[in-house]
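Engineer: Okay, so here is coords_17.pdb, and as you'll see once you scroll down, it has PDB, C-alpha atoms.
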ATOM      1  CA  MET C   8     -18.046 -43.118 -34.124
ATOM      2  CA  ARG C   9     -16.509 -44.555 -37.288
ATOM      3  CA  SER C  10     -13.209 -44.952 -39.075
ATOM      4  CA  VAL C  11     -12.753 -42.901 -42.248
ATOM      5  CA  PRO C  12      -9.879 -42.273 -44.674
ATOM      6  CA  VAL C  13      -8.029 -39.108 -43.675
ATOM      7  CA  GLU C  14      -8.678 -37.564 -47.088
ATOM      8  CA  GLN C  15     -12.433 -37.766 -46.373
ATOM      9  CA  ALA C  16     -12.308 -36.443 -42.788
ATOM     10  CA  GLN C  17     -12.621 -32.724 -43.435
ATOM     11  CA  GLY C  18     -15.209 -31.156 -41.095
ATOM     12  CA  MET C  19     -15.430 -34.257 -38.897
ATOM     13  CA  VAL C  20     -14.666 -34.424 -35.174
ATOM     14  CA  LEU C  21     -11.649 -36.380 -33.982
ATOM     15  CA  CYS C  22     -12.521 -39.023 -31.382
ATOM     16  CA  HIS C  23      -9.047 -39.498 -29.885
ATOM     17  CA  ASP C  24      -5.753 -37.729 -29.319
ATOM     18  CA  ILE C  25      -3.093 -38.157 -32.010
ATOM     19  CA  THR C  26       0.465 -38.038 -30.705
ATOM     20  CA  ARG C  27       3.487 -36.550 -32.444
ATOM     21  CA  ILE C  28       6.918 -37.951 -31.470
ATOM     22  CA  VAL C  29      10.024 -35.905 -32.307
ATOM     23  CA  PRO C  30      13.255 -37.846 -31.660
ATOM     24  CA  GLY C  31      15.487 -36.044 -29.187
ATOM     25  CA  GLU C  32      12.751 -33.613 -28.211
ATOM     26  CA  GLY C  33       9.846 -35.617 -26.824
ATOM     27  CA  LYS C  34       6.266 -36.349 -27.614
ATOM     28  CA  GLY C  35       2.954 -34.610 -27.249
ATOM     29  CA  PRO C  36      -0.481 -34.249 -28.790
ATOM     30  CA  ALA C  37      -0.471 -33.108 -32.390
ATOM     31  CA  PHE C  38      -4.272 -33.125 -32.448
ATOM     32  CA  ARG C  39      -6.557 -33.426 -29.449
ATOM     33  CA  LYS C  40      -9.790 -35.302 -29.096
ATOM     34  CA  GLY C  41     -12.633 -33.071 -30.210
ATOM     35  CA  HIS C  42     -10.618 -31.266 -32.877
ATOM     36  CA  VAL C  43     -12.578 -30.472 -36.051
ATOM     37  CA  ILE C  44     -10.507 -31.618 -39.060
ATOM     38  CA  ALA C  45      -9.624 -28.675 -41.332
ATOM     39  CA  PRO C  46      -8.309 -28.997 -44.925
ATOM     40  CA  GLU C  47      -4.775 -28.040 -43.834
ATOM     41  CA  ASP C  48      -4.788 -30.812 -41.199
ATOM     42  CA  ILE C  49      -4.993 -33.617 -43.764
ATOM     43  CA  PRO C  50      -1.349 -33.420 -45.022
ATOM     44  CA  ALA C  51      -0.139 -33.198 -41.410
ATOM     45  CA  LEU C  52      -2.109 -36.310 -40.461
ATOM     46  CA  LEU C  53      -0.716 -38.202 -43.405
ATOM     47  CA  ARG C  54       2.827 -37.217 -42.403
ATOM     48  CA  LEU C  55       2.078 -38.677 -38.975
ATOM     49  CA  GLY C  56       1.262 -41.987 -40.655
ATOM     50  CA  LYS C  57      -2.495 -41.699 -40.178
ATOM     51  CA  GLU C  58      -4.339 -42.981 -43.233
ATOM     52  CA  HIS C  59      -7.547 -43.645 -41.279
ATOM     53  CA  ILE C  60      -8.835 -41.900 -38.161
ATOM     54  CA  TYR C  61     -11.804 -42.363 -35.870
ATOM     55  CA  VAL C  62     -14.282 -39.519 -35.975
ATOM     56  CA  TRP C  63     -17.664 -38.498 -34.734
ATOM     57  CA  ASP C  64     -20.005 -37.952 -37.602
ATOM     58  CA  LEU C  65     -21.999 -34.826 -36.717
ATOM     59  CA  ALA C  66     -25.386 -36.053 -37.778
ATOM     60  CA  GLU C  67     -28.276 -33.626 -37.956
ATOM     61  CA  GLY C  68     -29.229 -32.376 -34.488
ATOM     62  CA  LEU C  69     -25.807 -32.960 -32.903
ATOM     63  CA  VAL C  70     -23.539 -30.090 -31.777
ATOM     64  CA  HIS C  71     -19.767 -30.154 -31.248
ATOM     65  CA  GLU C  72     -18.570 -29.544 -27.663
ATOM     66  CA  ASP C  73     -16.950 -26.182 -28.501
ATOM     67  CA  ASP C  74     -20.111 -24.839 -30.096
ATOM     68  CA  ALA C  75     -22.191 -26.270 -27.260
ATOM     69  CA  ALA C  76     -20.025 -24.585 -24.618
ATOM     70  CA  ALA C  77     -20.360 -21.304 -26.511
ATOM     71  CA  ARG C  78     -24.153 -21.512 -26.607
ATOM     72  CA  ILE C  79     -24.317 -22.297 -22.888
ATOM     73  CA  ALA C  80     -21.903 -19.490 -22.021
ATOM     74  CA  GLN C  81     -23.837 -16.990 -24.121
ATOM     75  CA  ALA C  82     -27.067 -18.074 -22.428
ATOM     76  CA  VAL C  83     -25.803 -17.618 -18.866
ATOM     77  CA  ALA C  84     -23.588 -14.543 -19.336
ATOM     78  CA  GLY C  85     -24.957 -11.251 -18.052
ATOM     79  CA  PRO C  86     -23.725  -7.649 -17.978
ATOM     80  CA  GLY C  87     -20.184  -7.181 -16.767
ATOM     81  CA  THR C  88     -18.889 -10.466 -18.188
ATOM     82  CA  THR C  89     -16.896 -11.549 -21.220
ATOM     83  CA  LEU C  90     -16.204 -14.979 -22.745
ATOM     84  CA  THR C  91     -12.954 -16.766 -23.526
ATOM     85  CA  GLN C  92     -12.302 -18.819 -26.634
ATOM     86  CA  PRO C  93     -13.039 -22.551 -26.263
ATOM     87  CA  CYS C  94     -10.207 -24.707 -24.941
ATOM     88  CA  GLU C  95     -10.663 -28.468 -24.825
ATOM     89  CA  GLY C  96     -14.417 -28.030 -24.964
ATOM     90  CA  ARG C  97     -14.658 -25.424 -22.195
ATOM     91  CA  ILE C  98     -15.439 -21.717 -22.230
ATOM     92  CA  ASN C  99     -14.866 -19.467 -19.214
ATOM     93  CA  LEU C 100     -16.727 -16.339 -18.183
ATOM     94  CA  LEU C 101     -14.491 -13.496 -17.000
ATOM     95  CA  ALA C 102     -15.305 -10.211 -15.301
ATOM     96  CA  ASP C 103     -14.878  -7.224 -17.580
ATOM     97  CA  ARG C 104     -15.204  -4.643 -14.786
ATOM     98  CA  ARG C 105     -14.736  -4.290 -11.041
ATOM     99  CA  GLY C 106     -17.962  -4.884  -9.199
ATOM    100  CA  LEU C 107     -20.150  -7.289  -7.249
ATOM    101  CA  LEU C 108     -20.642 -10.786  -8.630
ATOM    102  CA  LYS C 109     -24.224 -12.034  -8.593
ATOM    103  CA  ILE C 110     -25.105 -15.668  -9.292
ATOM    104  CA  ASN C 111     -28.679 -16.816  -9.880
ATOM    105  CA  VAL C 112     -28.262 -19.979  -7.832
ATOM    106  CA  GLU C 113     -31.741 -21.340  -8.514
ATOM    107  CA  ALA C 114     -31.267 -21.018 -12.277
ATOM    108  CA  LEU C 115     -27.799 -22.545 -11.997
ATOM    109  CA  PHE C 116     -29.280 -25.602 -10.278
ATOM    110  CA  ARG C 117     -31.898 -25.975 -13.003
ATOM    111  CA  LEU C 118     -29.293 -25.751 -15.755
ATOM    112  CA  ASN C 119     -26.973 -28.301 -14.179
ATOM    113  CA  SER C 120     -29.964 -30.636 -13.852
ATOM    114  CA  ILE C 121     -30.096 -30.845 -17.663
ATOM    115  CA  GLU C 122     -28.352 -34.055 -18.709
ATOM    116  CA  GLU C 123     -24.799 -33.588 -20.064
ATOM    117  CA  VAL C 124     -24.690 -29.843 -19.243
ATOM    118  CA  THR C 125     -22.132 -28.583 -16.701
ATOM    119  CA  ILE C 126     -21.696 -25.025 -15.399
ATOM    120  CA  ALA C 127     -19.470 -24.174 -12.434
ATOM    121  CA  THR C 128     -19.133 -20.748 -10.781
ATOM    122  CA  ILE C 129     -17.308 -19.152  -7.895
ATOM    123  CA  HIS C 130     -19.423 -17.937  -4.979
ATOM    124  CA  GLY C 131     -21.647 -14.941  -5.570
ATOM    125  CA  ASP C 132     -21.732 -11.635  -3.642
ATOM    126  CA  ALA C 133     -17.963 -11.402  -4.087
ATOM    127  CA  VAL C 134     -15.984  -8.355  -5.144
ATOM    128  CA  VAL C 135     -14.378  -9.200  -8.490
ATOM    129  CA  SER C 136     -11.875  -7.464 -10.753
ATOM    130  CA  PRO C 137     -11.479  -7.294 -14.545
ATOM    131  CA  GLY C 138     -10.150 -10.543 -15.981
ATOM    132  CA  GLN C 139     -11.110 -12.630 -12.956
ATOM    133  CA  MET C 140     -12.579 -16.043 -13.807
ATOM    134  CA  LEU C 141     -16.185 -16.315 -12.677
ATOM    135  CA  ALA C 142     -17.572 -19.474 -14.283
ATOM    136  CA  GLY C 143     -16.869 -22.264 -16.727
ATOM    137  CA  THR C 144     -19.208 -24.054 -19.143
ATOM    138  CA  ARG C 145     -18.969 -27.276 -21.120
ATOM    139  CA  VAL C 146     -20.853 -30.426 -22.038
ATOM    140  CA  VAL C 147     -19.788 -33.918 -21.033
ATOM    141  CA  PRO C 148     -19.579 -35.719 -24.424
ATOM    142  CA  LEU C 149     -17.732 -34.580 -27.537
ATOM    143  CA  VAL C 150     -21.042 -34.012 -29.257
ATOM    144  CA  VAL C 151     -24.399 -33.288 -27.667
ATOM    145  CA  ALA C 152     -27.970 -33.259 -28.854
ATOM    146  CA  GLY C 153     -29.156 -29.807 -29.781
ATOM    147  CA  GLN C 154     -32.229 -30.283 -27.596
ATOM    148  CA  ARG C 155     -30.014 -30.070 -24.504
ATOM    149  CA  LEU C 156     -28.862 -26.610 -25.529
ATOM    150  CA  GLU C 157     -32.376 -25.529 -26.394
ATOM    151  CA  ALA C 158     -33.382 -26.532 -22.858
ATOM    152  CA  VAL C 159     -30.584 -24.340 -21.454
ATOM    153  CA  GLU C 160     -31.707 -21.398 -23.551
ATOM    154  CA  ALA C 161     -35.320 -21.913 -22.491
ATOM    155  CA  VAL C 162     -34.351 -21.686 -18.810
ATOM    156  CA  THR C 163     -32.332 -18.498 -19.207
ATOM    157  CA  ALA C 164     -35.043 -16.954 -21.389
ATOM    158  CA  GLU C 165     -37.251 -17.338 -18.302
ATOM    159  CA  THR C 166     -34.752 -16.469 -15.553
ATOM    160  CA  GLY C 167     -32.439 -14.011 -17.251
ATOM    161  CA  PRO C 168     -28.639 -14.148 -16.936
ATOM    162  CA  VAL C 169     -27.061 -16.452 -14.386
ATOM    163  CA  VAL C 170     -23.703 -14.668 -13.992
ATOM    164  CA  THR C 171     -23.644 -10.861 -13.686
ATOM    165  CA  VAL C 172     -21.188  -8.284 -12.387
ATOM    166  CA  MET C 173     -22.992  -5.295 -10.893
ATOM    167  CA  PRO C 174     -20.961  -2.070 -11.106
ATOM    168  CA  PHE C 175     -20.106  -0.179  -7.951
ATOM    169  CA  ARG C 176     -21.666   3.258  -7.614
ATOM    170  CA  PRO C 177     -19.194   6.070  -6.797
ATOM    171  CA  LEU C 178     -20.985   7.074  -3.596
ATOM    172  CA  ARG C 179     -20.178  10.087  -1.430
ATOM    173  CA  VAL C 180     -19.718   8.638   2.039
ATOM    174  CA  GLY C 181     -19.927  10.509   5.327
ATOM    175  CA  VAL C 182     -18.363   9.072   8.480
ATOM    176  CA  VAL C 183     -19.381   9.810  12.062
ATOM    177  CA  THR C 184     -16.818   8.653  14.611
ATOM    178  CA  THR C 185     -17.993   8.577  18.225
ATOM    179  CA  GLY C 186     -15.955   8.355  21.391
ATOM    180  CA  GLY C 187     -14.779  10.875  23.959
ATOM    181  CA  GLU C 188     -11.262   9.474  23.906
ATOM    182  CA  VAL C 189     -10.957  10.322  20.192
ATOM    183  CA  TYR C 190     -12.917  13.586  20.412
ATOM    184  CA  HIS C 191     -10.676  14.945  23.173
ATOM    185  CA  GLY C 192      -7.508  13.747  21.453
ATOM    186  CA  ARG C 193      -6.496  11.215  24.091
ATOM    187  CA  ILE C 194      -6.026   8.565  21.394
ATOM    188  CA  GLU C 195      -5.541   8.792  17.650
ATOM    189  CA  ASP C 196      -8.465   7.894  15.405
ATOM    190  CA  LYS C 197      -7.610   4.652  13.627
ATOM    191  CA  PHE C 198     -11.051   3.948  12.157
ATOM    192  CA  GLY C 199     -11.155   6.792   9.643
ATOM    193  CA  PRO C 200      -8.060   5.763   7.632
ATOM    194  CA  VAL C 201      -9.287   2.159   7.462
ATOM    195  CA  LEU C 202     -12.684   3.214   6.131
ATOM    196  CA  ARG C 203     -11.142   5.569   3.600
ATOM    197  CA  ARG C 204      -9.096   2.673   2.201
ATOM    198  CA  LYS C 205     -12.035   0.280   2.181
ATOM    199  CA  PHE C 206     -14.422   2.706   0.501
ATOM    200  CA  ASP C 207     -11.769   3.804  -1.991
ATOM    201  CA  ASP C 208     -11.374   0.131  -2.967
ATOM    202  CA  LEU C 209     -15.086   0.112  -3.814
ATOM    203  CA  GLY C 210     -14.843   3.250  -5.935
ATOM    204  CA  CYS C 211     -16.394   5.502  -3.274
ATOM    205  CA  ALA C 212     -15.016   8.580  -1.513
ATOM    206  CA  VAL C 213     -15.255   9.594   2.144
ATOM    207  CA  PHE C 214     -15.894  13.294   1.690
ATOM    208  CA  ARG C 215     -16.146  14.175   5.376
ATOM    209  CA  GLN C 216     -15.538  12.636   8.783
ATOM    210  CA  VAL C 217     -17.127  14.149  11.882
ATOM    211  CA  ILE C 218     -15.767  13.183  15.310
ATOM    212  CA  VAL C 219     -18.140  13.529  18.271
ATOM    213  CA  PRO C 220     -18.055  12.480  21.934
ATOM    214  CA  ASP C 221     -20.394   9.888  23.437
ATOM    215  CA  ASP C 222     -23.321  12.266  23.110
ATOM    216  CA  ARG C 223     -26.575  11.339  21.398
ATOM    217  CA  ASP C 224     -27.577  14.864  20.383
ATOM    218  CA  MET C 225     -24.188  15.627  18.838
ATOM    219  CA  THR C 226     -24.201  12.304  16.993
ATOM    220  CA  VAL C 227     -27.686  12.974  15.614
ATOM    221  CA  ARG C 228     -26.649  16.446  14.470
ATOM    222  CA  ALA C 229     -23.568  15.017  12.773
ATOM    223  CA  ILE C 230     -25.640  12.454  10.858
ATOM    224  CA  ARG C 231     -28.127  15.108   9.750
ATOM    225  CA  GLN C 232     -25.321  17.484   8.782
ATOM    226  CA  LEU C 233     -23.771  14.846   6.518
ATOM    227  CA  LEU C 234     -27.149  14.157   4.915
ATOM    228  CA  ALA C 235     -27.593  17.885   4.257
ATOM    229  CA  GLU C 236     -24.163  17.917   2.608
ATOM    230  CA  GLY C 237     -25.216  15.207   0.172
ATOM    231  CA  ALA C 238     -24.014  11.981   1.790
ATOM    232  CA  GLU C 239     -25.188   8.936  -0.177
ATOM    233  CA  MET C 240     -24.082   6.537   2.573
ATOM    234  CA  ILE C 241     -23.224   7.121   6.207
ATOM    235  CA  ALA C 242     -20.949   4.991   8.374
ATOM    236  CA  VAL C 243     -21.101   5.414  12.142
ATOM    237  CA  THR C 244     -18.126   4.010  14.056
ATOM    238  CA  GLY C 245     -17.699   3.440  17.759
ATOM    239  CA  GLY C 246     -20.353   3.049  20.421
ATOM    240  CA  MET C 247     -21.931  -0.049  18.840
ATOM    241  CA  SER C 248     -21.826  -2.452  21.801
ATOM    242  CA  VAL C 249     -24.185  -2.713  24.785
ATOM    243  CA  ASP C 250     -22.285  -0.607  27.322
ATOM    244  CA  PRO C 251     -24.387   2.222  28.844
ATOM    245  CA  ASP C 252     -22.346   4.900  27.067
ATOM    246  CA  ASP C 253     -22.532   3.196  23.664
ATOM    247  CA  LEU C 254     -25.105   5.459  22.058
ATOM    248  CA  SER C 255     -24.636   4.949  18.319
ATOM    249  CA  PRO C 256     -27.637   2.614  17.778
ATOM    250  CA  SER C 257     -30.054   4.959  19.570
ATOM    251  CA  SER C 258     -28.519   7.964  17.772
ATOM    252  CA  ILE C 259     -29.104   6.360  14.366
ATOM    253  CA  ARG C 260     -32.732   5.756  15.327
ATOM    254  CA  ALA C 261     -33.137   9.317  16.658
ATOM    255  CA  ALA C 262     -31.739  10.713  13.387
ATOM    256  CA  GLY C 263     -34.629   9.056  11.545
ATOM    257  CA  GLY C 264     -33.081   5.706  10.738
ATOM    258  CA  GLU C 265     -35.483   2.896   9.887
ATOM    259  CA  VAL C 266     -33.592  -0.037  11.337
ATOM    260  CA  VAL C 267     -33.252  -3.187   9.248
ATOM    261  CA  THR C 268     -31.190  -4.984  11.869
ATOM    262  CA  TYR C 269     -29.177  -4.385  14.980
ATOM    263  CA  GLY C 270     -27.050  -7.491  15.232
ATOM    264  CA  SER C 271     -25.706  -9.894  12.638
ATOM    265  CA  PRO C 272     -24.920 -13.644  12.902
ATOM    266  CA  THR C 273     -21.323 -13.008  11.859
ATOM    267  CA  PHE C 274     -18.164 -13.272  13.908
ATOM    268  CA  PRO C 275     -16.500 -10.814  13.601
ATOM    269  CA  GLY C 276     -19.279  -8.278  13.211
ATOM    270  CA  ALA C 277     -22.123  -9.284  15.546
ATOM    271  CA  MET C 278     -22.776  -5.689  16.734
ATOM    272  CA  PHE C 279     -23.525  -4.415  13.224
ATOM    273  CA  MET C 280     -26.459  -2.116  12.506
ATOM    274  CA  LEU C 281     -28.091  -1.367   9.173
ATOM    275  CA  ALA C 282     -30.701   1.345   8.804
ATOM    276  CA  TYR C 283     -32.035   3.617   6.084
ATOM    277  CA  ILE C 284     -32.818   7.315   6.267
ATOM    278  CA  GLY C 285     -34.884   7.708   3.141
ATOM    279  CA  ASP C 286     -32.832   5.948   0.479
ATOM    280  CA  VAL C 287     -29.507   6.532   2.241
ATOM    281  CA  PRO C 288     -28.052   3.441   3.941
ATOM    282  CA  VAL C 289     -26.593   4.029   7.389
ATOM    283  CA  VAL C 290     -24.231   1.370   8.720
ATOM    284  CA  GLY C 291     -23.192   1.156  12.340
ATOM    285  CA  LEU C 292     -19.792  -0.511  12.258
ATOM    286  CA  PRO C 293     -18.341  -2.373  15.256
ATOM    287  CA  GLY C 294     -14.673  -2.077  16.136
ATOM    288  CA  CYS C 295     -13.736  -5.375  14.457
ATOM    289  CA  VAL C 296     -13.947  -3.629  11.055
ATOM    290  CA  MET C 297     -10.902  -1.601  12.095
ATOM    291  CA  TYR C 298      -8.558  -4.519  12.704
ATOM    292  CA  HIS C 299      -9.925  -7.601  10.898
ATOM    293  CA  LYS C 300      -9.141  -7.992   7.209
ATOM    294  CA  ALA C 301     -12.554  -9.637   6.690
ATOM    295  CA  SER C 302     -15.610  -8.662   8.724
ATOM    296  CA  ILE C 303     -19.270  -7.750   8.405
ATOM    297  CA  PHE C 304     -18.182  -4.700   6.363
ATOM    298  CA  ASP C 305     -16.954  -6.943   3.545
ATOM    299  CA  LEU C 306     -20.151  -9.022   3.522
ATOM    300  CA  THR C 307     -22.613  -6.118   3.389
ATOM    301  CA  VAL C 308     -21.141  -2.802   2.277
ATOM    302  CA  PRO C 309     -20.096  -3.934  -1.246
ATOM    303  CA  ARG C 310     -23.683  -5.050  -1.811
ATOM    304  CA  LEU C 311     -24.985  -1.663  -0.665
ATOM    305  CA  VAL C 312     -22.507   0.152  -2.900
ATOM    306  CA  ALA C 313     -23.681  -1.969  -5.850
ATOM    307  CA  GLY C 314     -27.230  -0.740  -5.247
ATOM    308  CA  GLU C 315     -28.814  -3.632  -3.367
ATOM    309  CA  LYS C 316     -31.303  -2.755  -0.634
ATOM    310  CA  LEU C 317     -30.608  -5.364   2.011
ATOM    311  CA  THR C 318     -33.331  -6.852   4.176
ATOM    312  CA  ARG C 319     -33.236  -8.521   7.557
ATOM    313  CA  SER C 320     -33.536 -11.854   5.754
ATOM    314  CA  ASP C 321     -30.322 -11.041   3.838
ATOM    315  CA  ILE C 322     -28.526 -10.458   7.130
ATOM    316  CA  VAL C 323     -29.980 -13.541   8.808
ATOM    317  CA  SER C 324     -28.817 -15.722   5.918
ATOM    318  CA  LEU C 325     -25.209 -14.745   6.644
ATOM    319  CA  GLY C 326     -25.198 -17.085   9.655
ATOM    320  CA  HIS C 327     -24.288 -20.068   7.455
ATOM    321  CA  GLY C 328     -20.689 -19.206   6.668
ATOM    322  CA  GLY C 329     -20.635 -16.232   9.005
ATOM    323  CA  LEU C 330     -17.986 -17.649  11.335
ATOM    324  CA  CYS C 331     -14.448 -16.563  10.484
ATOM    325  CA  ALA C 332     -11.968 -19.391  11.115
ATOM    326  CA  MET C 333      -9.338 -16.863  12.286
ATOM    327  CA  CYS C 334      -6.618 -18.475  10.183
ATOM    328  CA  PRO C 335      -3.052 -17.511  11.188
ATOM    329  CA  GLU C 336      -2.697 -15.944   7.747
ATOM    330  CA  CYS C 337      -5.946 -14.484   6.423
ATOM    331  CA  ARG C 338      -6.804 -15.787   2.937
ATOM    332  CA  TYR C 339     -10.098 -13.936   2.517
ATOM    333  CA  PRO C 340     -11.855 -13.999   0.072
ATOM    334  CA  LEU C 341     -10.378 -17.408  -0.757
ATOM    335  CA  CYS C 342     -12.116 -19.032   2.196
ATOM    336  CA  GLY C 343     -15.589 -19.919   3.444
ATOM    337  CA  PHE C 344     -16.286 -16.709   5.388
ATOM    338  CA  GLY C 345     -19.573 -15.218   4.283
ATOM    339  CA  LYS C 346     -20.280 -17.898   1.685
ATOM    340  CA  ASN C 347     -23.643 -19.378   2.652
TER     341      ASN C 347
END
How would this structure read if it were set down as structure tokens?

Structural biologist:
Amino acid sequence: MRSVPVEQAQGMVLCHDITRIVPGEGKGPAFRKGHVIAPEDIPALLRLGKEHIYVWDLAEGLVHEDDAAARIAQAVAGPGTTLTQPCEGRINLLADRRGLLKINVEALFRLNSIEEVTIATIHGDAVVSPGQMLAGTRVVPLVVAGQRLEAVEAVTAETGPVVTVMPFRPLRVGVVTTGGEVYHGRIEDKFGPVLRRKFDDLGCAVFRQVIVPDDRDMTVRAIRQLLAEGAEMIAVTGGMSVDPDDLSPSSIRAAGGEVVTYGSPTFPGAMFMLAYIGDVPVVGLPGCVMYHKASIFDLTVPRLVAGEKLTRSDIVSLGHGGLCAMCPECRYPLCGFGKN
């Protein structure tokens, strides 16, 4: 840092805010710390009574905070993201499409372990929309050694992007609703409309819903019929608990489902089943999906729609954060549910 005549400050980095006071109007920053002095700034500085200013002299190997933030952002940004312009040394990553946010947490930890580098993100595995802020990048000082940025770029060259938005696939979804009370018309089906809304929000379409009684053979036939009609995902509702007439889990198995899990450490959603018939995911959805804004559906199905093949380990890991606090007014996803 050194003091220089204003006329000689072109291209140098301002070390402090410079305030402009307008009588009768107020005061505020005319130039902020970190600003790079441009030729047109010099007359304005002189009019403010500044004949000398304190600047950082960008010696060889040093990078201004705006340029540093840009290099970090470019290194961590993956498909489905876009970058803002720098503002006070920070650049944000925004979603440029609707999809599933993925964060490489291990790489993020390594990058933030590099001295003077800071990167903050929202939680991964979240459904995000275009324009939504996903991450911010900046360095701590006004200028930073170029070696810090080279270290960032070396990490991401090894790990790949840190922040990515996976697009949702427009899947054809078949629904099998079980329950004699619905089949015989004693009560109105409330599950189907909920699932249609939820899948529509993910860019998918429920092309057919089959209602069957509590009968294993009829449930198996319904699942196989939907597969024959081109279902790319199947959701089975009803009959997911442990009562003797709850036959959905055994029906999914009998239809050829290779079960990943029956049960999930999530409340609501403990009686969840995930299986695959070939490459087609089959989800057995407990009743909580029908009346809770946030449930096991929201923690798993978006990931399946984005093309992830979930494992039992993925489901087990949901236990940390899997307890819904049942707030009087649901704020999901702006809460800790599902964020392990």

Engineer: Hey, which of C:Thr144, C:Val287, C:Thr166, C:Ile322 ends up closest to Leu101 of chain C? Count only C-alpha atoms.

Structural biologist: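 Looking only at the distances to Leu101 of chain C, the closest residue turns out to be C:Thr144.
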
Engineer: Mind telling me what the PyMOL selection byres ((chain C and resi 198-211) around 6) catches here, as a ChimeraX atom specification?

Structural biologist: /C:177-178,196-197,212-213,297

Engineer: Could you pull out every residue with an atom within 6 Å of (-21.2, -19.0, 5.0), file coordinates, counting only C-alpha atoms, and send them as a ChimeraX atom specification?

Structural biologist: /C:327-329,343-347

Engineer: Tell me, in Å to one decimal, how far atom CA of Gln92 of chain C is from atom CA of Gln139 of chain C.

Structural biologist: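 Taking atom CA of Gln92 of chain C as the start and atom CA of Gln139 of chain C as the end point, the length is 15.1 Å.
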
Engineer: How many Å lie between atom CA of Ala80 of chain C and atom CA of Cys22 of chain C, rounded to one decimal?

Structural biologist: 23.6 Å

Engineer: So what does the PyMOL selection byres ((chain C and resi 308-310) around 9) actually pick up in this one, as a PDB file with C-alpha atoms, in the coordinates of the input?

Structural biologist:
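This went into part_2.pdb:
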ATOM      1  CA  GLY C 106     -17.962  -4.884  -9.199  1.00  0.00           C
ATOM      2  CA  LEU C 107     -20.150  -7.289  -7.249  1.00  0.00           C
ATOM      3  CA  ASP C 132     -21.732 -11.635  -3.642  1.00  0.00           C
ATOM      4  CA  ALA C 133     -17.963 -11.402  -4.087  1.00  0.00           C
ATOM      5  CA  VAL C 134     -15.984  -8.355  -5.144  1.00  0.00           C
ATOM      6  CA  PHE C 175     -20.106  -0.179  -7.951  1.00  0.00           C
ATOM      7  CA  PHE C 206     -14.422   2.706   0.501  1.00  0.00           C
ATOM      8  CA  LEU C 209     -15.086   0.112  -3.814  1.00  0.00           C
ATOM      9  CA  VAL C 290     -24.231   1.370   8.720  1.00  0.00           C
ATOM     10  CA  ILE C 303     -19.270  -7.750   8.405  1.00  0.00           C
ATOM     11  CA  PHE C 304     -18.182  -4.700   6.363  1.00  0.00           C
ATOM     12  CA  ASP C 305     -16.954  -6.943   3.545  1.00  0.00           C
ATOM     13  CA  LEU C 306     -20.151  -9.022   3.522  1.00  0.00           C
ATOM     14  CA  THR C 307     -22.613  -6.118   3.389  1.00  0.00           C
ATOM     15  CA  LEU C 311     -24.985  -1.663  -0.665  1.00  0.00           C
ATOM     16  CA  VAL C 312     -22.507   0.152  -2.900  1.00  0.00           C
ATOM     17  CA  ALA C 313     -23.681  -1.969  -5.850  1.00  0.00           C
ATOM     18  CA  GLY C 314     -27.230  -0.740  -5.247  1.00  0.00           C
ATOM     19  CA  GLU C 315     -28.814  -3.632  -3.367  1.00  0.00           C
ATOM     20  CA  LYS C 316     -31.303  -2.755  -0.634  1.00  0.00           C
ATOM     21  CA  LEU C 317     -30.608  -5.364   2.011  1.00  0.00           C
TER      22      LEU C 317
END

Engineer: List every protein, DNA or RNA residue with an atom no more than 6 Å from (-18.4, -32.4, -27.3) in the file's coordinates, counting all atoms listed in the file, and format the result as a list in words.

Structural biologist: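 Within 6 Å of (-18.4, -32.4, -27.3), the protein and nucleic acid residues are His71, Glu72, Pro148, Leu149 and Val150 of chain C.
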
Engineer: Atom CA of Pro93 of chain C and atom CA of Asp73 of chain C, how far apart in Å?

Structural biologist: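 Separation of atom CA of Asp73 of chain C and atom CA of Pro93 of chain C: 5.8 Å.
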
Engineer: Here is a test: counting only C-alpha atoms, which residue of C:Ile218, C:Arg105, C:Val169, C:Gly153 is nearest to Thr128 of chain C?

Structural biologist: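 Checking each of C:Ile218, C:Arg105, C:Val169, C:Gly153 against Thr128 of chain C, counting only C-alpha atoms, the winner is C:Val169.
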
Engineer: Would you kindly translate the PyMOL selection byres ((chain C and resi 36) around 7) into the concrete residues it picks from this file, as a compact mmCIF listing (two decimals) with C-alpha atoms, in the frame of the given file?

Structural biologist:
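Listing of out_26.txt after writing:
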# COMPACT_ATOMS: atom_id res chain seq x y z
CA ASP C 24 -5.75 -37.73 -29.32
CA ILE C 25 -3.09 -38.16 -32.01
CA THR C 26 0.46 -38.04 -30.70
CA ARG C 27 3.49 -36.55 -32.44
CA GLY C 35 2.95 -34.61 -27.25
CA ALA C 37 -0.47 -33.11 -32.39
CA PHE C 38 -4.27 -33.12 -32.45
CA ARG C 39 -6.56 -33.43 -29.45

Engineer: Calculated over all atoms listed in the file, which of the candidates C:Arg9, C:His299, C:His42, C:Arg97 has the smallest distance to Trp63 of chain C?

Structural biologist: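 Going through C:Arg9, C:His299, C:His42, C:Arg97 one by one, the smallest distance to Trp63 of chain C is for C:Arg9.
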
Engineer: Given the block above, output segment 313-323 of chain C with C-alpha atoms as a short mmCIF file (atom, residue, chain, number, x, y, z; two decimals), in the first residue's frame.

Structural biologist:
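Full text of result_13.cif as output:
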data_model
loop_
_atom_site.label_atom_id
_atom_site.label_comp_id
_atom_site.auth_asym_id
_atom_site.auth_seq_id
_atom_site.Cartn_x
_atom_site.Cartn_y
_atom_site.Cartn_z
CA ALA C 313 -32.55 -36.16 -12.55
CA GLY C 314 -31.11 -39.57 -13.44
CA GLU C 315 -29.42 -40.63 -10.21
CA LYS C 316 -29.59 -44.32 -9.31
CA LEU C 317 -29.98 -44.26 -5.55
CA THR C 318 -28.42 -46.87 -3.29
CA ARG C 319 -29.29 -48.03 0.19
CA SER C 320 -26.38 -45.93 1.45
CA ASP C 321 -28.03 -42.84 -0.09
CA ILE C 322 -31.21 -43.60 1.83
CA VAL C 323 -29.41 -44.38 5.08
#
